[in-house]
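As provided, target.csv (CSV, C-alpha atoms) reads as follows.
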chain,number,residue,atom,x,y,z
A,1308,MET,CA,-19.7,13.7,-1.0
A,1309,ASP,CA,-18.6,17.3,-1.4
A,1310,ASN,CA,-15.1,17.8,-2.9
A,1311,ASN,CA,-14.1,19.9,0.1
A,1312,SER,CA,-14.1,16.7,2.2
A,1313,TRP,CA,-11.6,15.0,0.0
A,1314,THR,CA,-7.9,15.0,1.0
A,1315,SER,CA,-4.6,13.9,-0.4
A,1316,VAL,CA,-3.9,10.7,1.5
A,1317,SER,CA,-0.1,10.3,2.2
A,1318,HIS,CA,-0.5,7.0,4.0
A,1319,PHE,CA,-2.9,4.3,5.1
A,1320,ILE,CA,-3.3,2.5,8.4
A,1321,LEU,CA,-3.4,-1.3,8.1
A,1322,LEU,CA,-5.6,-2.5,11.0
A,1323,GLY,CA,-4.5,-6.2,10.6
A,1324,ILE,CA,-6.3,-9.4,11.1
A,1325,SER,CA,-7.4,-8.7,14.7
A,1326,THR,CA,-7.4,-5.6,16.9
A,1327,HIS,CA,-7.6,-7.5,20.2
A,1328,PRO,CA,-4.3,-7.0,22.2
A,1329,ASP,CA,-4.3,-10.5,23.6
A,1330,GLU,CA,-4.4,-12.1,20.1
A,1331,GLN,CA,-1.4,-10.2,18.8
A,1332,ILE,CA,1.4,-12.5,20.1
A,1333,PRO,CA,-0.3,-15.8,19.1
A,1334,LEU,CA,-1.0,-14.3,15.6
A,1335,PHE,CA,2.6,-13.2,15.3
A,1336,LEU,CA,4.0,-16.6,16.2
A,1337,LEU,CA,1.5,-18.4,14.0
A,1338,PHE,CA,2.2,-16.4,10.9
A,1339,LEU,CA,5.9,-16.3,11.5
A,1340,LEU,CA,6.0,-20.1,11.7
A,1341,MET,CA,4.0,-20.4,8.5
A,1342,TYR,CA,6.2,-17.8,6.8
A,1343,ILE,CA,9.4,-19.7,7.8
A,1344,ILE,CA,7.9,-23.0,6.5
A,1345,ASN,CA,6.9,-21.3,3.3
A,1346,ILE,CA,10.3,-19.6,2.6
A,1347,SER,CA,12.3,-22.7,3.7
A,1348,GLY,CA,10.2,-25.2,1.7
A,1349,ASN,CA,10.0,-23.2,-1.5
A,1350,PHE,CA,13.6,-22.1,-1.4
A,1351,LEU,CA,14.7,-25.7,-0.9
A,1352,ILE,CA,12.7,-26.8,-3.9
A,1353,PHE,CA,14.0,-23.9,-6.1
A,1354,ALA,CA,17.7,-24.6,-5.0
A,1355,LEU,CA,17.4,-28.3,-5.6
A,1356,ILE,CA,15.9,-27.9,-9.1
A,1357,VAL,CA,18.5,-25.3,-10.1
A,1358,SER,CA,21.5,-27.3,-8.8
A,1359,SER,CA,20.3,-30.7,-10.2
A,1360,PRO,CA,20.8,-31.0,-14.0
A,1361,HIS,CA,18.6,-34.1,-14.2
A,1362,LEU,CA,15.7,-31.9,-12.9
A,1363,HIS,CA,16.0,-29.4,-15.8
A,1364,THR,CA,12.9,-30.7,-17.5
A,1365,PRO,CA,9.6,-28.8,-18.2
A,1366,MET,CA,7.8,-30.1,-15.2
A,1367,TYR,CA,10.5,-29.0,-12.8
A,1368,VAL,CA,11.1,-25.7,-14.6
A,1369,PHE,CA,7.5,-24.9,-13.9
A,1370,LEU,CA,7.9,-26.1,-10.3
A,1371,SER,CA,10.9,-23.9,-9.7
A,1372,ASN,CA,9.0,-20.8,-11.0
A,1373,LEU,CA,6.0,-21.7,-8.8
A,1374,ALA,CA,8.3,-22.0,-5.8
A,1375,LEU,CA,10.0,-18.7,-6.5
A,1376,GLY,CA,6.6,-17.1,-7.1
A,1377,ASP,CA,5.3,-18.4,-3.8
A,1378,ILE,CA,8.3,-16.9,-2.0
A,1379,CYS,CA,7.6,-13.5,-3.5
A,1380,PHE,CA,3.8,-13.8,-3.2
A,1381,THR,CA,3.9,-14.4,0.6
A,1382,SER,CA,6.8,-11.9,1.1
A,1383,THR,CA,4.6,-9.2,-0.4
A,1384,THR,CA,2.2,-9.2,2.5
A,1385,VAL,CA,3.4,-11.3,5.6
A,1386,PRO,CA,6.6,-9.3,6.6
A,1387,LYS,CA,4.7,-6.0,6.7
A,1388,MET,CA,1.9,-7.7,8.6
A,1389,LEU,CA,4.3,-9.1,11.2
A,1390,GLU,CA,6.0,-5.7,11.5
A,1391,ASN,CA,2.6,-3.9,12.0
A,1392,ILE,CA,1.5,-6.3,14.8
A,1393,PHE,CA,4.0,-4.6,17.2
A,1394,SER,CA,3.9,-1.2,15.5
A,1395,SER,CA,2.2,1.7,17.2
A,1396,THR,CA,1.3,3.4,13.9
A,1397,LYS,CA,0.6,0.4,11.6
A,1398,ALA,CA,1.2,2.8,8.7
A,1399,ILE,CA,2.1,2.2,5.0
A,1400,SER,CA,2.8,5.0,2.6
A,1401,TYR,CA,0.4,5.7,-0.3
A,1402,MET,CA,3.0,4.6,-2.9
A,1403,GLY,CA,4.0,1.6,-0.7
A,1404,CYS,CA,0.4,0.6,-0.6
A,1405,LEU,CA,0.1,0.8,-4.4
A,1406,ALA,CA,3.3,-1.2,-4.8
A,1407,GLN,CA,2.1,-3.9,-2.4
A,1408,THR,CA,-1.2,-4.1,-4.4
A,1409,TYR,CA,0.7,-4.4,-7.7
A,1410,PHE,CA,3.1,-7.2,-6.6
A,1411,PHE,CA,0.3,-9.0,-4.7
A,1412,ILE,CA,-1.9,-9.1,-7.8
A,1413,CYS,CA,1.1,-9.9,-10.0
A,1414,PHE,CA,2.3,-13.0,-8.0
A,1415,ALA,CA,-1.3,-14.2,-7.4
A,1416,ALA,CA,-1.9,-14.1,-11.2
A,1417,MET,CA,1.5,-15.8,-11.8
A,1418,GLU,CA,0.5,-18.7,-9.5
A,1419,ASN,CA,-2.8,-18.9,-11.3
A,1420,PHE,CA,-1.1,-19.2,-14.7
A,1421,LEU,CA,1.6,-21.6,-13.5
A,1422,LEU,CA,-1.0,-23.9,-12.0
A,1423,ALA,CA,-2.7,-24.1,-15.4
A,1424,VAL,CA,0.6,-24.7,-17.2
A,1425,MET,CA,1.6,-27.4,-14.7
A,1426,ALA,CA,-1.8,-29.1,-15.2
A,1427,TYR,CA,-1.3,-29.1,-18.9
A,1428,ASP,CA,2.2,-30.5,-18.4
A,1429,ARG,CA,0.8,-33.4,-16.4
A,1430,TYR,CA,-1.9,-34.0,-19.1
A,1431,ILE,CA,0.8,-34.3,-21.8
A,1432,ALA,CA,3.0,-36.5,-19.6
A,1433,ILE,CA,0.2,-39.0,-18.6
A,1434,CYS,CA,-2.1,-38.9,-21.6
A,1435,LEU,CA,0.5,-38.5,-24.4
A,1436,PRO,CA,3.7,-39.8,-22.9
A,1437,LEU,CA,5.3,-40.8,-26.2
A,1438,ARG,CA,4.8,-37.3,-27.6
A,1439,TYR,CA,5.9,-35.5,-24.5
A,1440,PRO,CA,9.5,-34.6,-25.6
A,1441,THR,CA,8.3,-33.3,-29.0
A,1442,ILE,CA,5.3,-31.3,-27.6
A,1443,LEU,CA,6.9,-29.7,-24.5
A,1444,THR,CA,10.2,-28.7,-26.0
A,1445,ARG,CA,12.7,-26.5,-24.2
A,1446,ARG,CA,11.7,-23.6,-26.4
A,1447,LEU,CA,8.0,-24.0,-25.8
A,1448,CYS,CA,8.6,-24.4,-22.0
A,1449,THR,CA,10.6,-21.1,-22.0
A,1450,GLN,CA,7.9,-19.3,-24.0
A,1451,MET,CA,5.2,-20.5,-21.6
A,1452,VAL,CA,7.1,-19.3,-18.5
A,1453,ILE,CA,7.8,-15.9,-20.1
A,1454,LEU,CA,4.2,-15.6,-21.1
A,1455,CYS,CA,3.1,-16.4,-17.5
A,1456,HIS,CA,5.3,-13.6,-16.3
A,1457,VAL,CA,4.3,-11.0,-18.9
A,1458,LEU,CA,0.5,-11.7,-18.5
A,1459,SER,CA,0.9,-11.5,-14.7
A,1460,HIS,CA,2.6,-8.0,-14.8
A,1461,LEU,CA,0.0,-6.7,-17.4
A,1462,HIS,CA,-2.8,-8.0,-15.2
A,1463,ALA,CA,-1.4,-6.3,-12.1
A,1464,LEU,CA,-0.6,-3.1,-14.0
A,1465,LEU,CA,-4.2,-2.7,-15.1
A,1466,HIS,CA,-5.7,-3.1,-11.7
A,1467,THR,CA,-3.1,-1.0,-9.9
A,1468,PHE,CA,-3.5,1.8,-12.4
A,1469,LEU,CA,-7.2,1.9,-11.9
A,1470,MET,CA,-6.7,1.8,-8.1
A,1471,GLY,CA,-4.3,4.8,-8.5
A,1472,GLN,CA,-7.2,6.8,-10.0
A,1473,LEU,CA,-9.3,6.6,-6.9
A,1474,ILE,CA,-9.6,9.4,-4.4
A,1475,PHE,CA,-9.6,8.6,-0.7
A,1476,CYS,CA,-11.2,10.4,2.2
A,1477,VAL,CA,-9.9,11.5,5.6
A,1478,ASP,CA,-10.6,8.0,6.9
A,1479,ASN,CA,-7.5,6.1,5.7
A,1480,ARG,CA,-7.9,3.0,7.9
A,1481,ILE,CA,-7.8,-0.3,5.9
A,1482,PRO,CA,-9.5,-3.1,8.0
A,1483,HIS,CA,-7.1,-5.6,6.5
A,1484,PHE,CA,-3.5,-6.8,6.9
A,1485,PHE,CA,-2.4,-5.6,3.5
A,1486,CYS,CA,-3.6,-3.3,0.7
A,1487,ASP,CA,-6.1,-5.6,-1.0
A,1488,LEU,CA,-8.4,-4.4,-3.8
A,1489,TYR,CA,-11.8,-4.6,-2.1
A,1490,PRO,CA,-10.8,-3.0,1.3
A,1491,LEU,CA,-9.2,-0.1,-0.6
A,1492,MET,CA,-12.3,0.3,-2.8
A,1493,LYS,CA,-14.5,0.3,0.3
A,1494,ILE,CA,-12.8,3.4,1.7
A,1495,SER,CA,-12.6,5.3,-1.6
A,1496,CYS,CA,-14.7,8.5,-2.0
A,1497,THR,CA,-15.1,8.2,-5.7
A,1498,SER,CA,-16.9,5.7,-7.9
A,1499,THR,CA,-15.4,2.2,-8.1
A,1500,GLN,CA,-17.6,1.0,-10.9
A,1501,LEU,CA,-14.8,0.8,-13.4
A,1502,ASN,CA,-12.6,-1.1,-10.9
A,1503,THR,CA,-15.4,-3.5,-10.2
A,1504,LEU,CA,-16.2,-4.0,-13.9
A,1505,MET,CA,-12.6,-4.9,-14.6
A,1506,ILE,CA,-12.5,-7.4,-11.7
A,1507,HIS,CA,-15.7,-9.0,-12.9
A,1508,THR,CA,-14.7,-9.2,-16.6
A,1509,GLU,CA,-10.9,-9.2,-17.1
A,1510,GLY,CA,-10.4,-10.8,-13.7
A,1511,ILE,CA,-12.9,-13.6,-14.4
A,1512,ILE,CA,-11.3,-14.2,-17.9
A,1513,VAL,CA,-7.9,-14.5,-16.3
A,1514,ILE,CA,-8.9,-16.7,-13.4
A,1515,ASN,CA,-11.6,-18.8,-15.0
A,1516,GLY,CA,-9.5,-19.2,-18.2
A,1517,ALA,CA,-6.7,-20.9,-16.2
A,1518,LEU,CA,-9.2,-22.9,-14.2
A,1519,VAL,CA,-10.9,-24.3,-17.3
A,1520,ILE,CA,-7.4,-25.5,-18.5
A,1521,ILE,CA,-6.8,-27.1,-15.1
A,1522,ILE,CA,-10.2,-28.9,-15.0
A,1523,ALA,CA,-10.0,-30.1,-18.6
A,1524,SER,CA,-6.4,-31.4,-18.1
A,1525,TYR,CA,-7.4,-33.3,-14.9
A,1526,ALA,CA,-10.5,-34.6,-16.5
A,1527,PHE,CA,-8.4,-36.2,-19.3
A,1528,ILE,CA,-5.9,-37.4,-16.7
A,1529,ILE,CA,-8.6,-39.1,-14.6
A,1530,SER,CA,-10.0,-40.7,-17.7
A,1531,ALA,CA,-6.6,-42.1,-18.6
A,1532,VAL,CA,-6.0,-43.2,-15.0
A,1533,LEU,CA,-9.3,-45.2,-14.9
A,1534,LYS,CA,-7.9,-47.3,-17.8
A,1535,ILE,CA,-4.9,-48.4,-15.7
A,1536,PRO,CA,-5.5,-52.2,-15.0
A,1537,SER,CA,-3.6,-52.2,-11.7
A,1538,ALA,CA,-5.6,-51.0,-8.7
A,1539,ASN,CA,-2.4,-50.0,-7.0
A,1540,GLY,CA,-1.4,-47.9,-10.0
A,1541,ARG,CA,-4.8,-46.2,-10.1
A,1542,TRP,CA,-4.7,-45.4,-6.4
A,1543,LYS,CA,-1.2,-43.9,-6.6
A,1544,ALA,CA,-2.3,-41.7,-9.6
A,1545,PHE,CA,-5.6,-40.6,-7.9
A,1546,SER,CA,-3.6,-39.8,-4.7
A,1547,THR,CA,-1.4,-37.5,-6.5
A,1548,CYS,CA,-4.2,-35.9,-8.5
A,1549,GLY,CA,-6.3,-35.5,-5.4
A,1550,SER,CA,-3.6,-33.6,-3.5
A,1551,HIS,CA,-3.0,-31.3,-6.5
A,1552,LEU,CA,-6.7,-30.6,-6.8
A,1553,THR,CA,-6.9,-29.8,-3.1
A,1554,VAL,CA,-4.5,-26.9,-3.6
A,1555,VAL,CA,-6.4,-25.8,-6.7
A,1556,ALA,CA,-9.7,-25.9,-4.8
A,1557,ILE,CA,-8.4,-23.8,-1.9
A,1558,PHE,CA,-6.7,-21.3,-4.2
A,1559,TYR,CA,-9.5,-20.8,-6.7
A,1560,GLY,CA,-12.3,-21.3,-4.2
A,1561,THR,CA,-11.1,-18.5,-2.0
A,1562,LEU,CA,-10.3,-16.2,-4.9
A,1563,THR,CA,-13.8,-16.6,-6.3
A,1564,TRP,CA,-15.5,-16.1,-2.9
A,1565,ILE,CA,-13.6,-12.8,-2.3
A,1566,TYR,CA,-13.5,-11.1,-5.7
A,1567,PHE,CA,-16.3,-12.4,-7.9
A,1568,ARG,CA,-19.1,-11.0,-5.9
A,1569,PRO,CA,-20.6,-7.5,-5.6
A,1570,LEU,CA,-18.5,-5.0,-3.6
A,1571,SER,CA,-21.6,-4.2,-1.5
A,1572,SER,CA,-21.8,-7.8,-0.2
A,1573,TYR,CA,-18.0,-8.0,0.6
A,1574,SER,CA,-17.5,-8.7,4.3
A,1575,VAL,CA,-14.2,-7.3,5.6
A,1576,THR,CA,-14.1,-9.6,8.6
A,1577,LYS,CA,-14.7,-12.8,6.6
A,1578,GLY,CA,-12.5,-11.5,3.8
A,1579,ARG,CA,-9.5,-11.2,6.0
A,1580,ILE,CA,-9.8,-14.9,7.2
A,1581,VAL,CA,-10.4,-16.3,3.7
A,1582,THR,CA,-7.6,-14.2,2.2
A,1583,VAL,CA,-5.1,-16.0,4.5
A,1584,MET,CA,-6.0,-19.3,2.8
A,1585,TYR,CA,-4.6,-18.3,-0.6
A,1586,THR,CA,-2.0,-15.8,0.5
A,1587,VAL,CA,-0.3,-17.9,3.2
A,1588,VAL,CA,-1.7,-21.4,3.5
A,1589,THR,CA,-1.6,-22.4,-0.2
A,1590,PRO,CA,2.0,-21.2,-0.9
A,1591,MET,CA,3.1,-23.1,2.3
A,1592,LEU,CA,1.4,-26.3,1.1
A,1593,ASN,CA,2.7,-26.2,-2.4
A,1594,PRO,CA,6.2,-27.6,-1.7
A,1595,PHE,CA,4.7,-30.6,0.1
A,1596,ILE,CA,2.0,-31.2,-2.5
A,1597,TYR,CA,4.0,-30.7,-5.7
A,1598,SER,CA,7.6,-31.5,-4.8
A,1599,LEU,CA,8.6,-32.9,-1.5
A,1600,ARG,CA,6.5,-36.0,-2.2
A,1601,ASN,CA,8.2,-36.5,-5.5
A,1602,GLY,CA,10.7,-39.3,-5.9
A,1603,ASP,CA,13.0,-37.3,-8.2
A,1604,VAL,CA,13.1,-34.3,-5.7
A,1605,LYS,CA,13.8,-36.7,-2.8
A,1606,LYS,CA,16.7,-38.3,-4.7
A,1607,ALA,CA,18.1,-34.9,-5.5
A,1608,PHE,CA,17.8,-33.8,-1.8
A,1609,ARG,CA,19.6,-37.0,-0.6
A,1610,LYS,CA,22.5,-36.2,-3.1
A,1611,TRP,CA,22.6,-32.6,-1.9
A,1612,VAL,CA,22.8,-33.7,1.7
A,1613,LYS,CA,25.6,-36.1,1.0
A,1614,ARG,CA,27.6,-33.3,-0.7
A,1615,LEU,CA,27.4,-31.2,2.5

Represent the structure contained in this file as structure tokens.
Amino acid sequence: MDNNSWTSVSHFILLGISTHPDEQIPLFLLFLLMYIINISGNFLIFALIVSSPHLHTPMYVFLSNLALGDICFTSTTVPKMLENIFSSTKAISYMGCLAQTYFFICFAAMENFLLAVMAYDRYIAICLPLRYPTILTRRLCTQMVILCHVLSHLHALLHTFLMGQLIFCVDNRIPHFFCDLYPLMKISCTSTQLNTLMIHTEGIIVINGALVIIIASYAFIISAVLKIPSANGRWKAFSTCGSHLTVVAIFYGTLTWIYFRPLSSYSVTKGRIVTVMYTVVTPMLNPFIYSLRNGDVKKAFRKWVKRL
């Protein structure tokens, strides 16, 4: 394309999940409900863990960070999407778009790292219970949480910086409900080879590295559970592991389907629907899967209600 056709884009138009007028109100109500459940559930978990001294253990420190991360993760995209449903312009500024991209990648990566850390925590607790206090010390726990945050920001900074180097054409319409990497790369006038290369190398290392830790941890856990003599005990352990692995499968399955494929084969229509699974559905399910079914959390909740 000739350089004369390039322009300095000041803003983008987010077309949303659907452009059909009769679908806007149902979509608004659906995503508003999921957002409220997400914020309420994750904030409750975070508040219970912070206010309950007996929950200040490695497992719950990781859970509180996951809950806080899920609140931020969903809040990066859903409020703007809800606003745009009834907006006549559906616009987001260029810098606002880059900021949304940065925080979206950051909190997605943070969830990725925290899921791996939590799987490792469960491996130590189930397979090496006597050594748990000496392995997962308060200092190591703090270092792991800090490392998750630092790596997430570095990961986001890399991809946002590369996105900022792209030049965009007169057509500034993004067929998505937020500033995601592939939809932005699709409308760029310049080569996206470096962006794609980083997604398929650094991105794969980050995502698959954490996934390997999760799979290995649960493989050892399942092996240990199979040795439990009580059938009831085995079923209870498998039930918990199964629900955790369901969240992992949804999160990593959708991430892999969207990003670890050639840009030319990316389908915007399918991508919008699949993205909802890990940006909205998974953070909404996490409180129920990881915490609200937990006996310690239920006990803390009952005490908190009695104090009201």

For this session: Using atom CA of Val1357 of chain A and atom CA of Leu1437 of chain A as the two end points, give the distance in Å to one decimal.
Result: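 Taking atom CA of Val1357 of chain A and atom CA of Leu1437 of chain A, their separation equals 26.0 Å.
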
Contacts of segment 1490-1493 of chain A at 7 Å or less, counting only C-alpha atoms, minus same-chain residues fewer than 4 places along, as a CSV table (one decimal) with C-alpha atoms, in the frame of the given file?
chain,number,residue,atom,x,y,z
A,1481,ILE,CA,-7.8,-0.3,5.9
A,1482,PRO,CA,-9.5,-3.1,8.0
A,1483,HIS,CA,-7.1,-5.6,6.5
A,1486,CYS,CA,-3.6,-3.3,0.7
A,1499,THR,CA,-15.4,2.2,-8.1
A,1575,VAL,CA,-14.2,-7.3,5.6

Using all atoms listed in the file, which protein or nucleic acid residues come within 10 Å of segment 1396-1404 of chain A? Drop anything in the same chain fewer than 2 positions from it, and give the result as a short mmCIF file (atom, residue, chain, number, x, y, z; two decimals) with C-alpha atoms, in the frame of the given file.
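Written output follows (result_30.cif):
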data_model
loop_
_atom_site.label_atom_id
_atom_site.label_comp_id
_atom_site.auth_asym_id
_atom_site.auth_seq_id
_atom_site.Cartn_x
_atom_site.Cartn_y
_atom_site.Cartn_z
CA SER A 1315 -4.60 13.90 -0.40
CA VAL A 1316 -3.90 10.70 1.50
CA SER A 1317 -0.10 10.30 2.20
CA HIS A 1318 -0.50 7.00 4.00
CA PHE A 1319 -2.90 4.30 5.10
CA ILE A 1320 -3.30 2.50 8.40
CA LEU A 1321 -3.40 -1.30 8.10
CA LEU A 1322 -5.60 -2.50 11.00
CA GLY A 1323 -4.50 -6.20 10.60
CA LYS A 1387 4.70 -6.00 6.70
CA MET A 1388 1.90 -7.70 8.60
CA GLU A 1390 6.00 -5.70 11.50
CA ASN A 1391 2.60 -3.90 12.00
CA ILE A 1392 1.50 -6.30 14.80
CA PHE A 1393 4.00 -4.60 17.20
CA SER A 1394 3.90 -1.20 15.50
CA ALA A 1406 3.30 -1.20 -4.80
CA GLN A 1407 2.10 -3.90 -2.40
CA THR A 1408 -1.20 -4.10 -4.40
CA TYR A 1409 0.70 -4.40 -7.70
CA GLY A 1471 -4.30 4.80 -8.50
CA ASN A 1479 -7.50 6.10 5.70
CA ARG A 1480 -7.90 3.00 7.90
CA ILE A 1481 -7.80 -0.30 5.90
CA PHE A 1484 -3.50 -6.80 6.90
CA PHE A 1485 -2.40 -5.60 3.50
CA CYS A 1486 -3.60 -3.30 0.70
CA ASP A 1487 -6.10 -5.60 -1.00
CA LEU A 1491 -9.20 -0.10 -0.60
#

For this session: For Leu1389 of chain A, please output as a ChimeraX atom specification all residues within 8 Å (counting only C-alpha atoms; exclusion window: fewer than 5 positions along the same chain).
Result: /A:1335,1338-1339

Problem set entry | Exercise: His1507 of chain A partners within 9 Å, all atoms listed in the file, chain neighbours under 3 positions left out, as an MDAnalysis selection string | chainID A and resid 1502:1504 1510:1512 1566:1569

Neighbouring residues of Ala1517 of chain A were defined as those with any atom within 7 Å, considering only C-alpha atoms; residues of the same chain fewer than 2 positions away were excluded. Please report them as a compact mmCIF listing (two decimals) with C-alpha atoms, in the coordinates of the input.
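The resulting file, around36.txt, is reproduced below:
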# COMPACT_ATOMS: atom_id res chain seq x y z
CA ASN A 1419 -2.80 -18.90 -11.30
CA PHE A 1420 -1.10 -19.20 -14.70
CA ALA A 1423 -2.70 -24.10 -15.40
CA VAL A 1513 -7.90 -14.50 -16.30
CA ILE A 1514 -8.90 -16.70 -13.40
CA ASN A 1515 -11.60 -18.80 -15.00
CA VAL A 1519 -10.90 -24.30 -17.30
CA ILE A 1520 -7.40 -25.50 -18.50
CA ILE A 1521 -6.80 -27.10 -15.10

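Atom pair atom CA of Ile1431 of chain A / atom CA of Phe1527 of chain A: separated by 9.7 Å.
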
Problem set entry | Using all atoms listed in the file: which of A:Ala1374, A:Met1341, A:Ile1433, A:Leu1422 has the shortest distance to Ile1535 of chain A |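 For Ile1535 of chain A, the nearest of the given residues is A:Ile1433.
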
For this session: Work out how far apart atom CA of Pro1386 of chain A and atom CA of Pro1328 of chain A are and give it in Å to one decimal.
Result: 19.2 Å

For this session: For each of A:Leu1375, A:Leu1469, A:Cys1448, A:Met1417, take the minimum atom-to-atom distance to His1363 of chain A, counting only C-alpha atoms, then give the residue where this is smallest.
Result: A:Cys1448

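Of the listed residues A:Ser1459, A:Thr1553, A:Thr1441, A:Thr1582, the one whose atoms come nearest to Gly1376 of chain A is A:Ser1459, with distances taken using all atoms listed in the file.
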